[in-house]
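run_17.tsv follows; it contains TSV, C-alpha atoms.
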```tsv
chain	number	residue	atom	x	y	z
A	1	MET	CA	15.19	-6.39	4.96
A	2	GLY	CA	13.81	-2.95	4.13
A	3	LYS	CA	10.30	-1.77	3.53
A	4	SER	CA	8.48	-1.15	0.29
A	5	VAL	CA	8.25	2.64	-0.17
A	6	VAL	CA	6.29	4.52	-2.83
A	7	VAL	CA	6.86	8.25	-3.27
A	8	ILE	CA	4.25	10.28	-5.16
A	9	SER	CA	5.60	13.54	-6.60
A	10	SER	CA	2.68	15.73	-7.64
A	11	SER	CA	4.47	18.74	-9.09
A	12	TYR	CA	4.34	19.25	-12.83
A	13	ARG	CA	7.44	21.43	-12.56
A	14	LYS	CA	10.42	19.17	-13.23
A	15	GLY	CA	13.19	19.85	-10.73
A	16	GLY	CA	10.91	22.02	-8.58
A	17	ASN	CA	11.11	22.35	-4.82
A	18	SER	CA	8.58	19.67	-3.88
A	19	GLU	CA	10.12	17.28	-6.41
A	20	THR	CA	13.51	17.91	-4.84
A	21	LEU	CA	12.02	16.99	-1.46
A	22	ALA	CA	10.50	13.82	-2.98
A	23	ASN	CA	13.81	12.81	-4.51
A	24	GLU	CA	15.69	13.41	-1.27
A	25	PHE	CA	13.15	11.39	0.71
A	26	ALA	CA	13.59	8.57	-1.81
A	27	ARG	CA	17.37	8.82	-1.62
A	28	GLY	CA	17.33	8.62	2.17
A	29	ALA	CA	14.89	5.70	2.13
A	30	LYS	CA	17.10	3.82	-0.35
A	31	GLU	CA	20.22	4.51	1.70
A	32	ALA	CA	18.39	3.05	4.72
A	33	GLY	CA	17.93	-0.20	2.78
A	34	ASN	CA	14.36	0.19	1.58
A	35	ASP	CA	12.92	-0.70	-1.81
A	36	VAL	CA	11.80	2.67	-3.24
A	37	GLU	CA	9.82	3.73	-6.28
A	38	ILE	CA	9.01	7.31	-7.24
A	39	ILE	CA	5.89	8.03	-9.28
A	40	TYR	CA	5.87	11.43	-10.98
A	41	LEU	CA	2.25	12.39	-11.63
A	42	ARG	CA	3.32	14.59	-14.55
A	43	ASP	CA	4.39	11.40	-16.37
A	44	ILE	CA	1.09	9.54	-16.13
A	45	ASN	CA	-2.29	9.87	-17.78
A	46	LEU	CA	-4.56	10.67	-14.83
A	47	ASN	CA	-8.24	11.50	-15.24
A	48	PHE	CA	-10.73	12.74	-12.65
A	49	CYS	CA	-12.69	10.32	-10.48
A	50	ARG	CA	-16.33	10.10	-11.58
A	51	GLY	CA	-17.61	9.11	-8.15
A	52	CYS	CA	-19.47	6.15	-9.62
A	53	LEU	CA	-18.13	3.73	-6.95
A	54	ALA	CA	-18.05	0.88	-9.49
A	55	CYS	CA	-14.56	0.15	-8.13
A	56	GLN	CA	-16.09	-0.94	-4.84
A	57	LYS	CA	-17.77	-3.84	-6.69
A	58	THR	CA	-15.28	-4.58	-9.48
A	59	LEU	CA	-12.14	-3.91	-7.36
A	60	LYS	CA	-10.74	-1.70	-10.12
A	61	CYS	CA	-11.47	1.65	-11.66
A	62	ILE	CA	-13.54	1.72	-14.83
A	63	ILE	CA	-11.61	4.72	-16.20
A	64	ASN	CA	-9.08	3.63	-18.80
A	65	ASP	CA	-5.89	5.51	-17.92
A	66	ASP	CA	-2.58	4.82	-16.16
A	67	ILE	CA	-3.96	4.54	-12.64
A	68	GLU	CA	-4.68	0.80	-12.78
A	69	ASN	CA	-0.95	-0.07	-12.71
A	70	ILE	CA	-0.31	2.43	-9.93
A	71	ILE	CA	-3.08	1.30	-7.58
A	72	ASP	CA	-1.33	-2.03	-7.00
A	73	LYS	CA	1.96	-0.29	-6.24
A	74	VAL	CA	0.28	2.01	-3.72
A	75	LYS	CA	-1.79	-0.67	-1.98
A	76	ASP	CA	1.22	-3.01	-1.71
A	77	ALA	CA	3.60	-0.36	-0.32
A	78	GLU	CA	4.33	-0.33	3.39
A	79	VAL	CA	5.24	3.36	3.37
A	80	LEU	CA	3.82	6.18	1.26
A	81	CYS	CA	5.29	9.63	0.83
A	82	PHE	CA	3.35	12.40	-0.87
A	83	ALA	CA	5.21	15.46	-2.15
A	84	THR	CA	3.26	18.53	-3.18
A	85	PRO	CA	3.71	22.17	-3.90
A	86	ILE	CA	1.29	24.31	-1.93
A	87	TYR	CA	-1.26	25.98	-4.19
A	88	TYR	CA	-3.60	28.42	-2.47
A	89	TYR	CA	-2.70	26.90	0.92
A	90	ALA	CA	-3.69	23.36	-0.11
A	91	ILE	CA	-2.28	20.29	-1.87
A	92	SER	CA	-1.92	20.45	-5.63
A	93	GLY	CA	-4.93	19.56	-7.74
A	94	GLN	CA	-2.89	16.75	-9.27
A	95	LEU	CA	-2.40	15.15	-5.85
A	96	LYS	CA	-6.08	15.57	-4.95
A	97	THR	CA	-7.08	13.88	-8.21
A	98	PHE	CA	-4.61	11.07	-7.50
A	99	LEU	CA	-5.97	10.52	-3.98
A	100	ASP	CA	-9.54	10.44	-5.31
A	101	ARG	CA	-8.51	7.78	-7.81
A	102	MET	CA	-7.16	5.55	-5.02
A	103	ASN	CA	-10.77	4.71	-4.13
A	104	PRO	CA	-10.47	1.03	-5.23
A	105	ILE	CA	-8.05	0.48	-2.34
A	106	PHE	CA	-10.94	0.73	0.12
A	107	ALA	CA	-12.38	-2.49	-1.31
A	108	ILE	CA	-9.10	-4.22	-2.18
A	109	GLY	CA	-7.22	-3.55	1.06
A	110	HIS	CA	-3.76	-2.11	1.67
A	111	ASN	CA	-0.39	-2.76	3.31
A	112	PHE	CA	0.65	0.82	4.08
A	113	GLU	CA	0.69	2.09	7.63
A	114	ASP	CA	3.11	4.99	7.52
A	115	ILE	CA	2.47	8.15	5.51
A	116	TYR	CA	4.85	11.09	5.07
A	117	LEU	CA	4.15	14.48	3.51
A	118	MET	CA	6.72	16.74	1.84
A	119	THR	CA	5.49	20.27	1.10
A	120	SER	CA	6.97	23.38	-0.46
A	121	ALA	CA	5.59	26.89	-0.59
A	122	ASN	CA	6.74	30.39	-1.35
A	123	ASP	CA	5.02	31.58	1.83
A	124	SER	CA	7.46	31.69	4.75
A	125	ASN	CA	4.73	31.13	7.35
A	126	GLN	CA	4.68	27.52	8.66
A	127	GLU	CA	0.88	27.71	8.83
A	128	ALA	CA	0.75	27.89	5.02
A	129	MET	CA	0.89	24.07	5.04
A	130	GLU	CA	-1.92	23.43	7.56
A	131	THR	CA	-4.68	22.89	4.98
A	132	ALA	CA	-2.46	20.52	2.99
A	133	ILE	CA	-1.78	18.51	6.14
A	134	LYS	CA	-5.52	18.35	6.82
A	135	ASP	CA	-6.12	17.25	3.21
A	136	ILE	CA	-3.73	14.32	3.62
A	137	GLN	CA	-4.99	13.53	7.12
A	138	GLY	CA	-8.54	13.34	5.76
A	139	TRP	CA	-7.44	10.70	3.26
A	140	ILE	CA	-5.46	8.81	5.92
A	141	ASP	CA	-8.42	8.79	8.31
A	142	CYS	CA	-10.33	6.61	5.85
A	143	PHE	CA	-7.93	3.71	6.52
A	144	ASP	CA	-7.61	1.71	9.74
A	145	GLY	CA	-4.13	1.53	11.26
A	146	VAL	CA	-2.62	4.25	9.08
A	147	GLY	CA	-0.90	7.33	10.46
A	148	LEU	CA	0.83	10.50	9.34
A	149	LYS	CA	4.36	9.85	10.59
A	150	GLY	CA	6.07	13.03	9.47
A	151	VAL	CA	5.74	16.31	7.61
A	152	VAL	CA	8.47	18.39	6.00
A	153	ARG	CA	7.53	22.03	5.46
A	154	GLY	CA	9.68	23.69	2.84
A	155	ASN	CA	8.64	27.25	3.51
A	156	GLY	CA	9.95	30.31	1.74
A	157	THR	CA	11.23	28.34	-1.26
```
Kindly transcribe the structure held in the file into structure tokens.
Amino acid sequence: MGKSVVVISSSYRKGGNSETLANEFARGAKEAGNDVEIIYLRDINLNFCRGCLACQKTLKCIINDDIENIIDKVKDAEVLCFATPIYYYAISGQLKTFLDRMNPIFAIGHNFEDIYLMTSANDSNQEAMETAIKDIQGWIDCFDGVGLKGVVRGNGT
């Protein structure tokens, strides 16, 4: 039996390079027998985290948008894959906002252990992705037993 995989595509550009990477990751995961869902951030109503930390007491975010349904999918997944275009040598703002909104998971708990990162940038230098990798690693480091298992760098796209 396969694993539960959630892919988060953070590009607002439909059919863009990072979305193509997300879709190919999902295709490969499905072909390997996993249960895969792709969440396109452009299709959800996603507001900024207020930093109120009410979610740590209530186990859910107080902001009324689409994130409540997505938190359960993310926390229950065994594998997460984040796909992002590189903007100014970092993850997209959409992905950063999404990661901030995952704050309830700290109180609820999670199943995921394996994280993958798919990146695309116009810059042909491999180092263009280093800050994005650190951004994701910073989020991962907040969870026990979770690791960055792989990174795809789509440079010069």
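If only C-alpha atoms are the atoms counted, then among A:Asp141, A:Phe98, A:Phe48, A:Tyr40 the closest residue to A:Gly16 is A:Tyr40.
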* A:Gly109 environment, 9 Å, only C-alpha atoms, sequence neighbours closer than 5 positions dropped, as a list in words -> Lys75, Asp76 and Pro104 of chain A
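When all atoms listed in the file are used to compute distances to A:Lys60, the closest of the residues A:Lys73, A:Lys30, A:Arg101, A:Lys3 turns out to be A:Arg101.
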* To do: Pull the neighbourhood of (-6.4, 0.0, -14.4) for me: all residues within 12 Å in file coordinates, counting all atoms listed in the file, as a PyMOL selection string.
  => chain A and resi 45-47+55+58-73+101-102+104
For C-alpha atoms, I'd like the residues from the last selection saved as a short mmCIF file (atom, residue, chain, number, x, y, z; two decimals), in the coordinates of the input.
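Once written, again-v4.cif looks like this:
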```
data_model
loop_
_atom_site.label_atom_id
_atom_site.label_comp_id
_atom_site.auth_asym_id
_atom_site.auth_seq_id
_atom_site.Cartn_x
_atom_site.Cartn_y
_atom_site.Cartn_z
CA ASN A 45 -2.29 9.87 -17.78
CA LEU A 46 -4.56 10.67 -14.83
CA ASN A 47 -8.24 11.50 -15.24
CA CYS A 55 -14.56 0.15 -8.13
CA THR A 58 -15.28 -4.58 -9.48
CA LEU A 59 -12.14 -3.91 -7.36
CA LYS A 60 -10.74 -1.70 -10.12
CA CYS A 61 -11.47 1.65 -11.66
CA ILE A 62 -13.54 1.72 -14.83
CA ILE A 63 -11.61 4.72 -16.20
CA ASN A 64 -9.08 3.63 -18.80
CA ASP A 65 -5.89 5.51 -17.92
CA ASP A 66 -2.58 4.82 -16.16
CA ILE A 67 -3.96 4.54 -12.64
CA GLU A 68 -4.68 0.80 -12.78
CA ASN A 69 -0.95 -0.07 -12.71
CA ILE A 70 -0.31 2.43 -9.93
CA ILE A 71 -3.08 1.30 -7.58
CA ASP A 72 -1.33 -2.03 -7.00
CA LYS A 73 1.96 -0.29 -6.24
CA ARG A 101 -8.51 7.78 -7.81
CA MET A 102 -7.16 5.55 -5.02
CA PRO A 104 -10.47 1.03 -5.23
#
```
* To do: Identify which of the residues A:Lys96, A:His110, A:Lys149, A:Arg27 lies closest to A:Val7, counting all atoms listed in the file when measuring atom-to-atom distances.
  =>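 Under the stated criterion, the closest residue is A:Arg27.
Take atom CA of A:Glu78 and atom CA of A:Phe106: the distance between them is 15.7 Å.
The space separating atom CA of A:Phe143 from atom CA of A:Phe82 comes to 16.0 Å.
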* Pick from A:Pro85, A:Gly150, A:Gly156, A:Gly28 nearest to A:Ser124, counting all atoms listed in the file ->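 Going through A:Pro85, A:Gly150, A:Gly156, A:Gly28 one by one, the smallest distance to A:Ser124 is for A:Gly156.
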* Asked: Smallest atom-to-atom distance to A:Ala132: which of A:Thr119, A:Ser10, A:Ser18, A:Asn111, using only C-alpha atoms?
  ->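 With only C-alpha atoms as the atom set, the closest residue is A:Thr119.
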* To do: Quote the spacing between atom CA of A:Thr20 and atom CA of A:Asn103 in Å to one decimal place.
  =>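 If I compute the distance from atom CA of A:Thr20 to atom CA of A:Asn103, I get 27.6 Å.
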